[in-house]
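Colleague: Next comes the structure file upload_30.txt, holding compact mmCIF, C-alpha atoms.
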# COMPACT_ATOMS: atom_id res chain seq x y z
CA MET W 1442 106.92 -74.44 113.14
CA LEU W 1443 110.09 -72.96 111.70
CA LEU W 1444 110.85 -73.83 108.08
CA ASN W 1445 114.33 -74.10 106.66
CA GLU W 1446 115.34 -72.00 103.66
CA THR W 1447 114.32 -74.59 101.07
CA GLN W 1448 110.96 -75.22 102.71
CA GLN W 1449 110.28 -71.49 102.96
CA THR W 1450 111.12 -71.02 99.28
CA ILE W 1451 108.73 -73.80 98.29
CA GLN W 1452 105.99 -72.31 100.47
CA ASP W 1453 106.45 -68.82 99.02
CA THR W 1454 106.55 -70.10 95.43
CA VAL W 1455 103.45 -72.26 95.74
CA ARG W 1456 101.57 -69.56 97.66
CA ALA W 1457 102.25 -67.00 94.95
CA PHE W 1458 101.16 -69.38 92.20
CA ALA W 1459 98.05 -70.52 94.07
CA GLN W 1460 96.86 -67.03 94.94
CA GLU W 1461 97.62 -65.46 91.57
CA ARG W 1462 96.86 -68.30 89.17
CA ILE W 1463 94.34 -70.59 90.91
CA ARG W 1464 92.27 -68.75 93.51
CA PRO W 1465 90.75 -66.18 91.10
CA GLN W 1466 89.50 -69.03 88.87
CA ALA W 1467 88.48 -71.53 91.54
CA ARG W 1468 84.75 -70.94 91.15
CA ALA W 1469 85.06 -71.15 87.35
CA PHE W 1470 86.83 -74.50 87.70
CA GLU W 1471 84.03 -75.72 89.96
CA ALA W 1472 81.40 -74.60 87.46
CA ALA W 1473 83.27 -76.31 84.62
CA LYS W 1474 83.71 -79.44 86.76
CA GLY W 1475 87.34 -79.77 85.82
CA TYR W 1476 90.65 -78.16 84.99
CA PRO W 1477 92.39 -77.41 81.70
CA PRO W 1478 95.19 -79.94 81.06
CA ALA W 1479 97.64 -77.06 80.70
CA LEU W 1480 97.21 -76.28 84.40
CA PHE W 1481 98.63 -79.67 85.36
CA LYS W 1482 101.63 -78.92 83.17
CA GLU W 1483 102.13 -75.67 85.08
CA LEU W 1484 101.93 -77.51 88.39
CA ALA W 1485 104.46 -80.03 87.07
CA SER W 1486 106.85 -77.24 86.14
CA LEU W 1487 106.84 -76.29 89.83
CA GLY W 1488 107.63 -79.87 90.82
CA LEU W 1489 104.22 -80.43 92.41
CA MET W 1490 103.33 -83.64 90.60
CA GLY W 1491 106.13 -85.63 92.24
CA MET W 1492 107.35 -83.60 95.16
CA THR W 1493 109.11 -86.26 97.21
CA VAL W 1494 110.48 -88.22 94.24
CA SER W 1495 114.25 -88.03 94.04
CA GLU W 1496 115.87 -85.69 91.55
CA GLU W 1497 117.59 -88.69 89.96
CA LEU W 1498 114.16 -89.98 88.92
CA GLY W 1499 112.99 -86.56 87.73
CA GLY W 1500 111.15 -85.44 90.84
CA ALA W 1501 111.54 -82.37 93.02
CA GLY W 1502 113.46 -84.19 95.75
CA ALA W 1503 111.53 -82.37 98.48
CA ASP W 1504 110.93 -83.61 102.02
CA MET W 1505 107.57 -84.34 103.65
CA VAL W 1506 107.42 -80.95 105.36
CA SER W 1507 107.76 -79.21 102.00
CA TYR W 1508 105.04 -81.48 100.62
CA ALA W 1509 102.73 -80.58 103.51
CA VAL W 1510 103.24 -76.82 103.23
CA ALA W 1511 102.78 -76.95 99.43
CA LEU W 1512 99.45 -78.76 99.82
CA ILE W 1513 98.35 -76.25 102.44
CA GLU W 1514 98.95 -73.44 99.96
CA LEU W 1515 97.10 -75.20 97.14
CA ALA W 1516 94.16 -76.09 99.37
CA SER W 1517 93.85 -72.53 100.62
CA ALA W 1518 93.16 -71.49 97.02
CA ASP W 1519 91.20 -74.49 95.73
CA GLY W 1520 90.30 -77.59 97.74
CA ALA W 1521 89.46 -79.72 94.70
CA LEU W 1522 92.81 -79.14 93.02
CA SER W 1523 94.64 -80.03 96.22
CA THR W 1524 92.76 -83.35 96.28
CA ILE W 1525 93.99 -84.28 92.80
CA ILE W 1526 97.56 -83.34 93.68
CA SER W 1527 97.40 -85.20 97.00
CA VAL W 1528 96.28 -88.42 95.33
CA GLN W 1529 98.88 -87.98 92.59
CA ASN W 1530 101.73 -87.64 95.07
CA SER W 1531 100.77 -89.76 98.06
CA LEU W 1532 98.85 -92.65 96.57
CA VAL W 1533 100.07 -93.08 93.00
CA VAL W 1534 103.56 -91.69 92.46
CA ALA W 1535 104.87 -92.67 95.90
CA GLY W 1536 103.56 -96.22 95.50
CA LEU W 1537 105.03 -96.58 92.02
CA VAL W 1538 108.45 -95.39 93.14
CA LYS W 1539 108.50 -97.57 96.26
CA TYR W 1540 107.07 -100.80 94.87
CA GLY W 1541 107.42 -100.54 91.11
CA SER W 1542 110.01 -102.33 88.99
CA LYS W 1543 112.55 -100.35 87.00
CA ALA W 1544 110.57 -101.08 83.83
CA GLN W 1545 107.34 -99.82 85.43
CA ILE W 1546 109.01 -96.67 86.72
CA ASP W 1547 110.60 -95.97 83.35
CA LYS W 1548 107.27 -96.45 81.59
CA PHE W 1549 104.84 -94.59 83.82
CA LEU W 1550 106.72 -92.15 86.04
CA PRO W 1551 107.74 -89.54 83.39
CA GLY W 1552 104.12 -88.91 82.40
CA LEU W 1553 102.99 -88.66 86.02
CA LEU W 1554 105.74 -86.16 86.80
CA ASP W 1555 105.28 -83.92 83.76
CA GLY W 1556 101.52 -83.58 84.24
CA SER W 1557 100.50 -85.39 81.06
CA CYS W 1558 99.15 -88.33 83.09
CA ILE W 1559 96.92 -88.02 86.15
CA GLY W 1560 96.82 -90.94 88.56
CA ALA W 1561 93.93 -92.52 90.44
CA PHE W 1562 93.83 -94.95 93.37
CA GLY W 1563 91.28 -97.73 93.00
CA LEU W 1564 90.75 -99.32 96.40
CA THR W 1565 87.28 -98.45 97.76
CA GLU W 1566 84.28 -100.55 96.78
CA ALA W 1567 80.58 -100.36 97.61
CA ASP W 1568 81.02 -102.99 100.35
CA ALA W 1569 84.63 -102.22 101.24
CA GLY W 1570 85.40 -98.79 102.63
CA SER W 1571 87.44 -98.65 105.82
CA ASP W 1572 87.77 -102.43 105.71
CA ALA W 1573 90.00 -102.61 102.65
CA SER W 1574 90.44 -106.36 103.07
CA ALA W 1575 86.78 -106.87 102.11
CA ILE W 1576 87.23 -105.94 98.44
CA ARG W 1577 85.59 -108.26 95.91
CA SER W 1578 87.18 -107.24 92.61
CA ARG W 1579 88.94 -110.26 91.16
CA ALA W 1580 92.05 -110.65 89.05
CA THR W 1581 92.22 -114.22 87.80
CA LYS W 1582 95.34 -115.69 86.21
CA ASP W 1583 95.17 -115.98 82.43
CA ASN W 1584 98.30 -117.24 80.66
CA ASN W 1585 100.87 -114.42 80.88
CA GLY W 1586 98.60 -112.04 82.73
CA TYR W 1587 95.37 -111.50 84.61
CA ARG W 1588 91.72 -110.85 83.80
CA LEU W 1589 90.34 -108.07 85.98
CA ASN W 1590 86.65 -107.95 86.82
CA GLY W 1591 84.77 -105.94 89.42
CA SER W 1592 83.94 -102.39 90.41
CA LYS W 1593 85.25 -99.51 92.51
CA GLN W 1594 83.41 -96.67 94.20
CA PHE W 1595 84.26 -93.02 95.02
CA ILE W 1596 87.52 -93.00 93.04
CA THR W 1597 89.14 -89.56 92.82
CA SER W 1598 90.26 -88.65 89.28
CA GLY W 1599 88.78 -91.87 87.89
CA LYS W 1600 87.55 -90.04 84.80
CA ILE W 1601 90.61 -87.95 83.94
CA ALA W 1602 93.22 -90.48 85.02
CA GLY W 1603 95.62 -92.03 82.55
CA LEU W 1604 96.75 -94.60 85.11
CA THR W 1605 94.82 -96.17 87.98
CA VAL W 1606 96.35 -98.28 90.74
CA VAL W 1607 93.76 -101.02 91.23
CA PHE W 1608 93.59 -103.53 94.07
CA ALA W 1609 91.97 -106.91 93.44
CA VAL W 1610 91.79 -110.38 94.95
CA THR W 1611 94.14 -112.84 93.27
CA ASP W 1612 93.91 -115.63 95.87
CA PRO W 1613 90.54 -115.75 97.67
CA ALA W 1614 91.74 -118.42 100.10
CA ALA W 1615 94.58 -116.25 101.41
CA GLY W 1616 92.49 -113.45 102.91
CA LYS W 1617 94.42 -110.18 103.22
CA ARG W 1618 97.48 -111.88 101.75
CA GLY W 1619 95.50 -112.73 98.65
CA ILE W 1620 95.14 -109.12 97.43
CA SER W 1621 97.42 -107.79 94.71
CA ALA W 1622 97.94 -104.33 93.19
CA PHE W 1623 97.97 -103.53 89.48
CA LEU W 1624 98.92 -100.57 87.31
CA VAL W 1625 95.95 -100.18 84.97
CA PRO W 1626 96.22 -97.86 81.94
CA THR W 1627 92.76 -96.37 81.58
CA ASP W 1628 92.71 -96.69 77.79
CA ARG W 1629 92.55 -100.48 78.09
CA PRO W 1630 89.38 -102.16 76.78
CA GLY W 1631 87.25 -103.05 79.77
CA TYR W 1632 87.98 -99.92 81.83
CA GLN W 1633 84.64 -98.15 82.27
CA VAL W 1634 83.62 -95.01 84.11
CA GLU W 1635 80.10 -95.97 85.11
CA LYS W 1636 79.19 -92.78 86.94
CA VAL W 1637 80.64 -89.42 87.92
CA GLU W 1638 79.22 -88.48 91.30
CA ASP W 1639 77.17 -85.27 91.52
CA LYS W 1640 78.76 -83.73 94.60
CA LEU W 1641 77.97 -80.67 96.67
CA GLY W 1642 81.62 -79.60 96.79
CA GLN W 1643 84.92 -80.29 95.03
CA THR W 1644 83.08 -80.67 91.73
CA ALA W 1645 86.23 -79.77 89.79
CA SER W 1646 87.74 -83.03 91.06
CA ASP W 1647 85.82 -85.94 89.60
CA THR W 1648 84.78 -88.78 91.91
CA CYS W 1649 83.75 -91.87 90.00
CA ALA W 1650 82.31 -95.34 90.06
CA LEU W 1651 84.52 -97.59 87.94
CA ARG W 1652 83.86 -100.97 86.41
CA PHE W 1653 86.30 -103.51 84.99
CA ASP W 1654 84.93 -105.95 82.46
CA ASN W 1655 87.35 -108.77 81.63
CA LEU W 1656 90.20 -106.26 81.42
CA PHE W 1657 93.46 -107.98 80.50
CA LEU W 1658 96.63 -107.05 82.36
CA GLU W 1659 100.05 -108.46 81.56
CA ASP W 1660 102.09 -109.85 84.44
CA GLU W 1661 104.37 -106.83 84.02
CA LEU W 1662 101.54 -104.57 85.23
CA ARG W 1663 101.31 -106.14 88.67
CA LEU W 1664 102.72 -103.71 91.24
CA GLY W 1665 104.90 -105.48 93.78
CA GLU W 1666 104.62 -109.17 94.50
CA ALA W 1667 101.45 -111.22 94.24
CA GLY W 1668 99.59 -110.94 97.54
CA GLN W 1669 101.37 -107.72 98.55
CA GLY W 1670 98.50 -105.43 97.57
CA TYR W 1671 96.96 -104.99 101.02
CA ALA W 1672 100.31 -103.93 102.51
CA ILE W 1673 100.89 -101.54 99.60
CA ALA W 1674 97.46 -99.96 100.07
CA LEU W 1675 97.94 -99.37 103.79
CA ALA W 1676 101.45 -97.99 103.35
CA ASN W 1677 100.28 -95.51 100.72
CA LEU W 1678 97.28 -94.44 102.81
CA GLU W 1679 99.60 -93.71 105.73
CA THR W 1680 101.40 -91.08 103.65
CA GLY W 1681 98.08 -89.92 102.27
CA ARG W 1682 96.97 -88.86 105.75
CA ILE W 1683 99.62 -86.16 105.70
CA GLY W 1684 98.03 -84.82 102.54
CA ILE W 1685 94.54 -84.91 104.03
CA ALA W 1686 95.70 -83.03 107.12
CA ALA W 1687 97.43 -80.41 104.96
CA GLN W 1688 94.30 -79.99 102.85
CA SER W 1689 92.17 -79.46 105.95
CA ILE W 1690 94.50 -76.76 107.20
CA GLY W 1691 94.73 -75.07 103.82
CA MET W 1692 90.97 -74.97 103.23
CA ALA W 1693 90.40 -73.70 106.76
CA ARG W 1694 92.96 -70.95 106.23
CA GLY W 1695 91.42 -69.95 102.91
CA ALA W 1696 87.95 -69.78 104.44
CA LEU W 1697 89.17 -67.80 107.45
CA GLU W 1698 91.00 -65.33 105.20
CA ALA W 1699 87.87 -64.88 103.08
CA ALA W 1700 85.74 -64.31 106.18
CA THR W 1701 88.24 -61.82 107.59
CA ARG W 1702 88.40 -59.87 104.32
CA TYR W 1703 84.62 -59.66 104.25
CA ALA W 1704 84.47 -58.60 107.89
CA ARG W 1705 86.81 -55.74 107.04
CA GLU W 1706 84.55 -54.61 104.18
CA ARG W 1707 81.00 -54.86 105.49
CA LYS W 1708 79.63 -52.22 107.82
CA SER W 1709 76.92 -52.56 110.41
CA PHE W 1710 75.71 -49.96 112.92
CA GLY W 1711 78.18 -47.46 111.55
CA LYS W 1712 81.38 -49.52 111.72
CA LEU W 1713 83.08 -52.52 110.15
CA ILE W 1714 81.61 -55.75 111.47
CA ILE W 1715 85.09 -56.98 112.51
CA GLN W 1716 85.05 -54.15 115.06
CA HIS W 1717 82.05 -55.76 116.75
CA GLN W 1718 83.25 -58.11 119.45
CA ALA W 1719 80.77 -60.80 118.42
CA VAL W 1720 82.57 -61.06 115.06
CA GLY W 1721 86.11 -60.07 115.95
CA PHE W 1722 86.37 -62.46 118.89
CA ARG W 1723 85.06 -65.37 116.82
CA LEU W 1724 87.61 -64.75 114.12
CA ALA W 1725 90.38 -64.42 116.70
CA ASP W 1726 89.44 -67.75 118.30
CA LEU W 1727 89.37 -69.46 114.92
CA ALA W 1728 92.73 -67.94 114.00
CA ALA W 1729 94.25 -69.34 117.19
CA ARG W 1730 92.95 -72.83 116.46
CA LEU W 1731 94.20 -72.64 112.91
CA GLU W 1732 97.66 -71.56 114.08
CA ALA W 1733 97.82 -74.62 116.36
CA ALA W 1734 96.92 -76.90 113.43
CA GLN W 1735 99.52 -75.23 111.21
CA GLN W 1736 102.20 -75.95 113.79
CA ILE W 1737 101.26 -79.62 114.12
CA GLY W 1738 100.61 -80.40 110.44
CA PRO W 1739 104.08 -79.83 108.94
CA ALA W 1740 105.62 -81.35 112.08
CA ARG W 1741 103.68 -84.55 111.35
CA GLY W 1742 105.22 -84.46 107.87
CA ARG W 1743 108.66 -84.21 109.43
CA ALA W 1744 107.92 -87.16 111.71
CA GLN W 1745 106.70 -89.18 108.73
CA GLY W 1746 109.85 -88.41 106.78
CA CYS W 1747 112.12 -89.28 109.69
CA ARG W 1748 110.08 -92.33 110.82
CA ILE W 1749 109.77 -90.98 114.36
CA ALA W 1750 106.78 -90.61 116.63
CA LEU W 1751 105.24 -87.27 117.43
CA PRO W 1752 105.16 -86.41 121.15
CA HIS W 1753 101.42 -85.89 120.93
CA PRO W 1754 98.80 -88.49 121.91
CA GLY W 1755 96.91 -89.97 118.99
CA LEU W 1756 99.05 -88.47 116.23
CA ASP W 1757 101.73 -91.16 115.93
CA GLY W 1758 101.04 -93.02 112.69
CA GLN W 1759 98.14 -90.83 111.61
CA ALA W 1760 97.21 -87.25 110.92
CA GLY W 1761 93.51 -87.37 111.69
CA GLY W 1762 93.86 -85.11 114.70
CA VAL W 1763 95.59 -82.48 112.58
CA GLY W 1764 92.87 -82.70 109.95
CA ASN W 1765 90.20 -82.27 112.57
CA CYS W 1766 91.86 -79.06 113.76
CA GLY W 1767 91.53 -77.51 110.33
CA ASN W 1768 88.33 -79.17 109.25
CA GLY W 1769 86.51 -78.12 112.40
CA LEU W 1770 86.97 -74.51 111.38
CA LEU W 1771 84.99 -75.20 108.24
CA ARG W 1772 82.29 -77.62 109.27
CA SER W 1773 81.88 -78.23 112.99
CA ASP W 1774 82.09 -74.59 114.00
CA PRO W 1775 79.34 -72.33 112.59
CA ASP W 1776 81.22 -69.10 113.31
CA LEU W 1777 82.53 -68.61 109.77
CA GLY W 1778 79.03 -69.14 108.44
CA ARG W 1779 77.73 -66.43 110.77
CA VAL W 1780 80.28 -63.98 109.40
CA TRP W 1781 79.17 -64.67 105.82
CA LEU W 1782 75.46 -65.04 106.57
CA SER W 1783 74.34 -61.53 105.74
CA GLY W 1784 76.53 -61.12 102.68
CA GLY W 1785 75.13 -63.62 100.18
CA ILE W 1786 77.44 -66.11 98.41
CA ARG W 1787 81.05 -65.54 99.38
CA PRO W 1788 84.32 -67.11 98.13
CA GLY W 1789 84.85 -68.92 101.40
CA GLN W 1790 81.62 -70.85 100.96
CA ASN W 1791 83.22 -72.76 98.09
CA LEU W 1792 85.89 -73.93 100.53
CA SER W 1793 83.23 -74.82 103.09
CA ARG W 1794 81.54 -77.10 100.56
CA CYS W 1795 84.90 -78.78 99.93
CA ALA W 1796 85.38 -79.63 103.59
CA GLY W 1797 83.51 -82.94 103.67
CA LEU W 1798 86.32 -84.91 102.03
CA PRO W 1799 88.82 -84.83 104.92
CA ASP W 1800 86.24 -86.45 107.20
CA LEU W 1801 86.16 -89.47 104.88
For this file, produce the structure as structure tokens.

Modeller:
Amino acid sequence: MLLNETQQTIQDTVRAFAQERIRPQARAFEAAKGYPPALFKELASLGLMGMTVSEELGGAGADMVSYAVALIELASADGALSTIISVQNSLVVAGLVKYGSKAQIDKFLPGLLDGSCIGAFGLTEADAGSDASAIRSRATKDNNGYRLNGSKQFITSGKIAGLTVVFAVTDPAAGKRGISAFLVPTDRPGYQVEKVEDKLGQTASDTCALRFDNLFLEDELRLGEAGQGYAIALANLETGRIGIAAQSIGMARGALEAATRYARERKSFGKLIIQHQAVGFRLADLAARLEAAQQIGPARGRAQGCRIALPHPGLDGQAGGVGNCGNGLLRSDPDLGRVWLSGGIRPGQNLSRCAGLPDL
């Protein structure tokens, strides 16, 4: 897919930053199970904490294609960091800008954009995964606000977040129309991180179980209208699929590049292993599949931005097919593993361990 001048500049800038500043430290970040706060400030200085937010509101004013290519570059260097940035942009900032009041935007958006506040998206529960309408967390009316009680599961950035968008039932009799969304500052009494999951991959991005114990929220912290929460959640997740697809492509590209570098270094039977057809052909096939995904992924971002359908079966309204193109390179196809097998632990294996998230 051809990029315009602005999109190409964004891609080049993010690629240089990711490869020079992030990739060399990716394994250290994984070992430390987190990132220094200063790194988020650096990402903010590049406009990556609010890419599609208008310049009038302090954002980068980029389009969805630019957002997709930027995430690809971040994910190629560090899958966990791309997850944090994807949630920040697609699920938190975008929802605040679209559904938030002027007072809410003025209060919370500056911190989200400058990297001083990380956002989390509190939808999933132990008994409510794909069926978001089955959530049980309750927000009951209490004078000029609500009392929030319940729990959430597998929440990205739940520990480091300064603001979590939480979905809870406000009218049990109304079904899907009885769910509302709330902007929950995480320093409020009653916000508890019950557990940080011990994951195989993406350990630098925390995934948490949260609990809310009689947490008071003023009416001014409800996002959108009462009962609009389910629609807000689905709308945000639609944009989030672009991010997931971009992450899949980026991690696949990073892993393929690592495997190719190694194949050009290691020798077997007197020549580089990439010169053996069994290795070279595998890498060539994977490169072709990756190129196809890279053409579709940003195009899906363009379709999302323009509200048009892609001329490709199964991709209108979702990006799962794009994600599968990239993710298959990492997980479903063992060829990359075969290239690394005889060389011990390799950088690409970190990306392989990160590849489970896009499937979810």

Colleague: May I have the residues at most 12 Å from (100.1, -87.9, 78.4) in the file's coordinates, counting all atoms listed in the file, as a PyMOL selection string?

Modeller: chain W and resi 1478-1479+1481-1482+1548-1560+1601-1604+1626-1628

Colleague: Return the single residue from W:Ala1667, W:Met1490, W:Leu1675, W:Ile1526 that is closest to W:Ser1571, with distances computed using all atoms listed in the file.

Modeller: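 Comparing W:Ala1667, W:Met1490, W:Leu1675, W:Ile1526 against W:Ser1571, the winner is W:Leu1675.
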
Colleague: In Å, rounded to a single decimal, give me how far atom CA of W:Tyr1703 is from atom CA of W:Leu1480.

Modeller: 28.8 Å

Colleague: Rank nothing, just name the residue among W:Ala1645, W:Thr1565, W:Gly1520, W:Thr1581 nearest to W:Ala1469, using only C-alpha atoms.

Modeller: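 Using only C-alpha atoms, W:Ala1469 sits closest to W:Ala1645.
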
Colleague: Could you jot down the atom CA of W:Val1607 to atom CA of W:Gly1684 separation for me, Å, one decimal place?

Modeller: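 Between atom CA of W:Val1607 and atom CA of W:Gly1684 the gap works out to 20.2 Å.
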
Colleague: Could you jot down the atom CA of W:Asp1572 to atom CA of W:Ala1734 separation for me, Å, one decimal place?

Modeller: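 Interatomic distance here is 28.2 Å.
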
Colleague: List the neighbours of stretch 1621-1624 of chain W out to 6 Å using all atoms listed in the file; skip same-chain residues closer than 2 positions along the sequence, and give me the result as an MDAnalysis selection string.

Modeller: chainID W and resid 1606:1609 1662:1664 1667:1670

Colleague: Identify, on the basis of only C-alpha atoms, every residue whose closest approach to W:Ala1569 does not exceed 12 Å; exclude the query and any residue fewer than 5 positions from it along the same chain; express the result as a PDB file with C-alpha atoms, keeping the file's coordinate frame.

Modeller:
ATOM      1  CA  GLY W1563      91.280 -97.730  93.000  1.00  0.00           C
ATOM      2  CA  LEU W1564      90.750 -99.320  96.400  1.00  0.00           C
ATOM      3  CA  SER W1574      90.440-106.360 103.070  1.00  0.00           C
ATOM      4  CA  ALA W1575      86.780-106.870 102.110  1.00  0.00           C
ATOM      5  CA  ILE W1576      87.230-105.940  98.440  1.00  0.00           C
ATOM      6  CA  ARG W1577      85.590-108.260  95.910  1.00  0.00           C
ATOM      7  CA  SER W1578      87.180-107.240  92.610  1.00  0.00           C
ATOM      8  CA  SER W1592      83.940-102.390  90.410  1.00  0.00           C
ATOM      9  CA  LYS W1593      85.250 -99.510  92.510  1.00  0.00           C
ATOM     10  CA  GLN W1594      83.410 -96.670  94.200  1.00  0.00           C
ATOM     11  CA  PHE W1595      84.260 -93.020  95.020  1.00  0.00           C
ATOM     12  CA  PHE W1608      93.590-103.530  94.070  1.00  0.00           C
ATOM     13  CA  ALA W1609      91.970-106.910  93.440  1.00  0.00           C
TER      14      ALA W1609
END

Colleague: When you look at W:Leu1589 with a cut-off of 9 Å (counting all atoms listed in the file), what residues show up, excluding the ones that are within fewer than 3 positions of it in the same chain? I need them as a PDB file with C-alpha atoms, keeping the file's coordinate frame.

Modeller:
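Output contents, as saved in around-v7.pdb:
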ATOM      1  CA  SER W1578      87.180-107.240  92.610  1.00  0.00           C
ATOM      2  CA  ARG W1579      88.940-110.260  91.160  1.00  0.00           C
ATOM      3  CA  ALA W1580      92.050-110.650  89.050  1.00  0.00           C
ATOM      4  CA  THR W1581      92.220-114.220  87.800  1.00  0.00           C
ATOM      5  CA  ALA W1609      91.970-106.910  93.440  1.00  0.00           C
ATOM      6  CA  GLY W1631      87.250-103.050  79.770  1.00  0.00           C
ATOM      7  CA  PHE W1653      86.300-103.510  84.990  1.00  0.00           C
ATOM      8  CA  ASP W1654      84.930-105.950  82.460  1.00  0.00           C
ATOM      9  CA  ASN W1655      87.350-108.770  81.630  1.00  0.00           C
ATOM     10  CA  LEU W1656      90.200-106.260  81.420  1.00  0.00           C
ATOM     11  CA  PHE W1657      93.460-107.980  80.500  1.00  0.00           C
ATOM     12  CA  LEU W1658      96.630-107.050  82.360  1.00  0.00           C
TER      13      LEU W1658
END

Colleague: Would you please work out which residue, of W:Leu1487, W:Arg1456, W:Asn1445, W:Arg1464, is nearest to W:Ala1699 when using all atoms listed in the file?

Modeller: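 Of W:Leu1487, W:Arg1456, W:Asn1445, W:Arg1464, the one nearest W:Ala1699 is W:Arg1464, counting all atoms listed in the file.
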
Colleague: Give the answer as one residue: which of W:Ile1715, W:Thr1644, W:Ala1567, W:Cys1649 has the shortest atom-to-atom distance to W:Ala1472, using all atoms listed in the file?

Modeller: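 Under the stated criterion, the closest residue is W:Thr1644.
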
Colleague: Report as a PDB file with C-alpha atoms, in the frame of the given file all protein, DNA and RNA residues lying within 9 Å of W:Ala1672, evaluated on all atoms listed in the file, omitting residues in the same chain fewer than 4 positions from it.

Modeller:
ATOM      1  CA  LYS W1617      94.420-110.180 103.220  1.00  0.00           C
ATOM      2  CA  ARG W1618      97.480-111.880 101.750  1.00  0.00           C
ATOM      3  CA  ILE W1620      95.140-109.120  97.430  1.00  0.00           C
ATOM      4  CA  GLY W1668      99.590-110.940  97.540  1.00  0.00           C
ATOM      5  CA  ALA W1676     101.450 -97.990 103.350  1.00  0.00           C
ATOM      6  CA  ASN W1677     100.280 -95.510 100.720  1.00  0.00           C
TER       7      ASN W1677
END

Colleague: Hey, which of W:Gly1541, W:Pro1630, W:Gly1586, W:Gly1491 ends up closest to W:Ser1507? Count only C-alpha atoms.

Modeller: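 For W:Ser1507, the nearest of the candidates is W:Gly1491.
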
Colleague: With distances taken over only C-alpha atoms, which residue among W:Gly1570, W:Gly1591, W:Gly1499, W:Pro1477 lies nearest W:Asp1547?

Modeller: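 Looking only at the distances to W:Asp1547, the closest residue turns out to be W:Gly1499.
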
Colleague: Could you give me, as CSV, every stretch 1621-1694 of chain W residue with an atom at most 7 Å from stretch 1509-1518 of chain W, plus its closest atom pair and distance in Å to one decimal, counting all atoms listed in the file, rows ordered by chain then number?

Modeller:
residue,atom,partner,partner_atom,distance
W:Ile1683,CA,W:Ala1509,CA,6.8
W:Gly1684,CA,W:Ala1509,CA,6.4
W:Ala1687,CA,W:Ile1513,CA,4.9
W:Gln1688,CA,W:Ala1516,CA,5.2
W:Ile1690,CA,W:Ile1513,CA,6.1
W:Gly1691,CA,W:Ile1513,CA,4.0
W:Met1692,CA,W:Ser1517,CA,4.6
W:Arg1694,CA,W:Ser1517,CA,5.9
